[in-house]
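Heads up, the thing below is written out as structure tokens.
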Amino acid sequence: MEDDDGGPGGGSEASPPHHAAAAADRARDMAASPTSSQSLTQTVNGSHRFVIQGYSLAKGMGVGKHIASETFTVGGYQWAIYFYPDGKNPEDNSAYVSVFIALASEDTDVRALFELTLLDQSGKGKHKVHSHFDRSLESGPYTLKYRGSMWGYKRFFRRTALETSDFLKDDCLKINCTVGVVVSTMDYSRPYAVEVPESDIGCDFGKLLDTQEGVDVIFSVAGEKLHAHKLVLAARSSFF
């Protein structure tokens, strides 16, 4: 027959009261510890220059047909510049050249800002800039849903004006493209509980005395020599 009084062979011992109180204090401190998080959204930017040599020979290739740049990487995604010498929109009857930036990788819902710059080759620095960066607060980043999604302008520049401008030199056009891929990161701080062991400084002092390591004072008592440490004596007695 088992005992019911928690004696030997029955029940479990209760934790000492001071241990339980210490555990409760630690739990309360953890519950009261504040946490914080920070979301950072920014753009990873990259640029590519597309040089179109032989513009006059590219004319007449047909509306909706383009010359593509080499693909380039920004923010972990592949991109390409599409130049349409006869325009992209049939309704414009080839009156404009069209320029677009296309997503060239197999990704979806890529959010980005864009900038297209037609370079002034006269040295005057009067470049033609179409920038999405300048109006990011107005309309937000553009979302490209799938490979081949594009951002740009069907009426990038009127052809008759382009062909008599400083943008065309030696039958060559130069287009700079900047892509800013939107990325978000999260920083979150968590409280960490550190288990503080019970003090065993008494044992450490006992070992120090037994090994006599670092002793720097000797007492002679009734013919017996006792080794000690000045710092310990000073800490424990005002006499020293």
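How things are named: the first chain in the structure tokens is A, the next is B, and so on; residues count from 1 in each chain; ligands count from 1 in the order shown.
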
Spatial neighbours of segment 65-72 of chain A, max dist 6 Å, only C-alpha atoms, sep filter under 4 positions, as a PyMOL selection string: chain A and resi 78-84

Using DSSP secondary structure from the backbone, list all strand (DSSP E or B) positions within segment 26-219 of chain A, as a ChimeraX atom specification. /A:36-53,67-68,72-74,77-84,96-103,110-118,128-131,142-144,150-158,169,172-189,217-219

Top pick for closest residue to Asp166 of chain A, considering A:Gly123, A:Gly152, A:Pro141, A:Gly202 and counting only C-alpha atoms: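 Result for the nearest residue to Asp166 of chain A: A:Gly123.
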
Can you list, as a ChimeraX atom specification, every protein, DNA or RNA residue that comes within 12 Å of Lys145 of chain A when you count only C-alpha atoms, leaving out same-chain residues fewer than 4 positions away? /A:102-112,149-151

Taking N, CA and C atoms for each residue, export the selection above as a PDB file, in the first residue's frame.
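Done, and the output landed in selection_1.pdb:
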ATOM      1  N   ALA A 102      11.840  45.974 -70.273  1.00  0.00           N
ATOM      2  CA  ALA A 102      11.074  44.733 -70.125  1.00  0.00           C
ATOM      3  C   ALA A 102      11.703  43.819 -69.084  1.00  0.00           C
ATOM      4  N   LEU A 103      10.840  43.138 -68.335  1.00  0.00           N
ATOM      5  CA  LEU A 103      11.297  42.096 -67.412  1.00  0.00           C
ATOM      6  C   LEU A 103      11.656  40.867 -68.237  1.00  0.00           C
ATOM      7  N   ALA A 104      12.898  40.402 -68.113  1.00  0.00           N
ATOM      8  CA  ALA A 104      13.369  39.301 -68.957  1.00  0.00           C
ATOM      9  C   ALA A 104      13.585  38.006 -68.184  1.00  0.00           C
ATOM     10  N   SER A 105      13.192  37.970 -66.923  1.00  0.00           N
ATOM     11  CA  SER A 105      13.352  36.747 -66.135  1.00  0.00           C
ATOM     12  C   SER A 105      11.990  36.188 -65.754  1.00  0.00           C
ATOM     13  N   GLU A 106      11.984  34.910 -65.380  1.00  0.00           N
ATOM     14  CA  GLU A 106      10.727  34.226 -65.053  1.00  0.00           C
ATOM     15  C   GLU A 106      10.311  34.548 -63.621  1.00  0.00           C
ATOM     16  N   ASP A 107       9.844  35.752 -63.414  1.00  0.00           N
ATOM     17  CA  ASP A 107       9.410  36.173 -62.084  1.00  0.00           C
ATOM     18  C   ASP A 107       8.071  36.890 -62.202  1.00  0.00           C
ATOM     19  N   THR A 108       7.374  36.980 -61.087  1.00  0.00           N
ATOM     20  CA  THR A 108       6.063  37.625 -61.096  1.00  0.00           C
ATOM     21  C   THR A 108       5.990  38.708 -60.031  1.00  0.00           C
ATOM     22  N   ASP A 109       5.149  39.702 -60.310  1.00  0.00           N
ATOM     23  CA  ASP A 109       4.876  40.786 -59.359  1.00  0.00           C
ATOM     24  C   ASP A 109       6.156  41.458 -58.865  1.00  0.00           C
ATOM     25  N   VAL A 110       7.013  41.838 -59.806  1.00  0.00           N
ATOM     26  CA  VAL A 110       8.237  42.561 -59.470  1.00  0.00           C
ATOM     27  C   VAL A 110       7.917  44.052 -59.456  1.00  0.00           C
ATOM     28  N   ARG A 111       8.169  44.699 -58.330  1.00  0.00           N
ATOM     29  CA  ARG A 111       7.879  46.127 -58.197  1.00  0.00           C
ATOM     30  C   ARG A 111       9.170  46.917 -58.398  1.00  0.00           C
ATOM     31  N   ALA A 112       9.077  47.952 -59.235  1.00  0.00           N
ATOM     32  CA  ALA A 112      10.295  48.699 -59.559  1.00  0.00           C
ATOM     33  C   ALA A 112       9.971  50.115 -60.018  1.00  0.00           C
ATOM     34  N   SER A 149       6.607  41.680 -69.302  1.00  0.00           N
ATOM     35  CA  SER A 149       5.920  42.900 -68.877  1.00  0.00           C
ATOM     36  C   SER A 149       6.859  44.085 -69.082  1.00  0.00           C
ATOM     37  N   MET A 150       6.287  45.226 -69.487  1.00  0.00           N
ATOM     38  CA  MET A 150       7.127  46.364 -69.859  1.00  0.00           C
ATOM     39  C   MET A 150       6.639  47.666 -69.242  1.00  0.00           C
ATOM     40  N   TRP A 151       7.574  48.576 -69.113  1.00  0.00           N
ATOM     41  CA  TRP A 151       7.271  49.960 -68.752  1.00  0.00           C
ATOM     42  C   TRP A 151       8.013  50.850 -69.738  1.00  0.00           C
TER      43      TRP A 151
END

Counting only C-alpha atoms, which residue out of A:Ser37, A:Asn45, A:Ser220, A:Gln212 sits closest to Glu115 of chain A?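 Between A:Ser37, A:Asn45, A:Ser220, A:Gln212, the residue approaching Glu115 of chain A most closely is A:Asn45.
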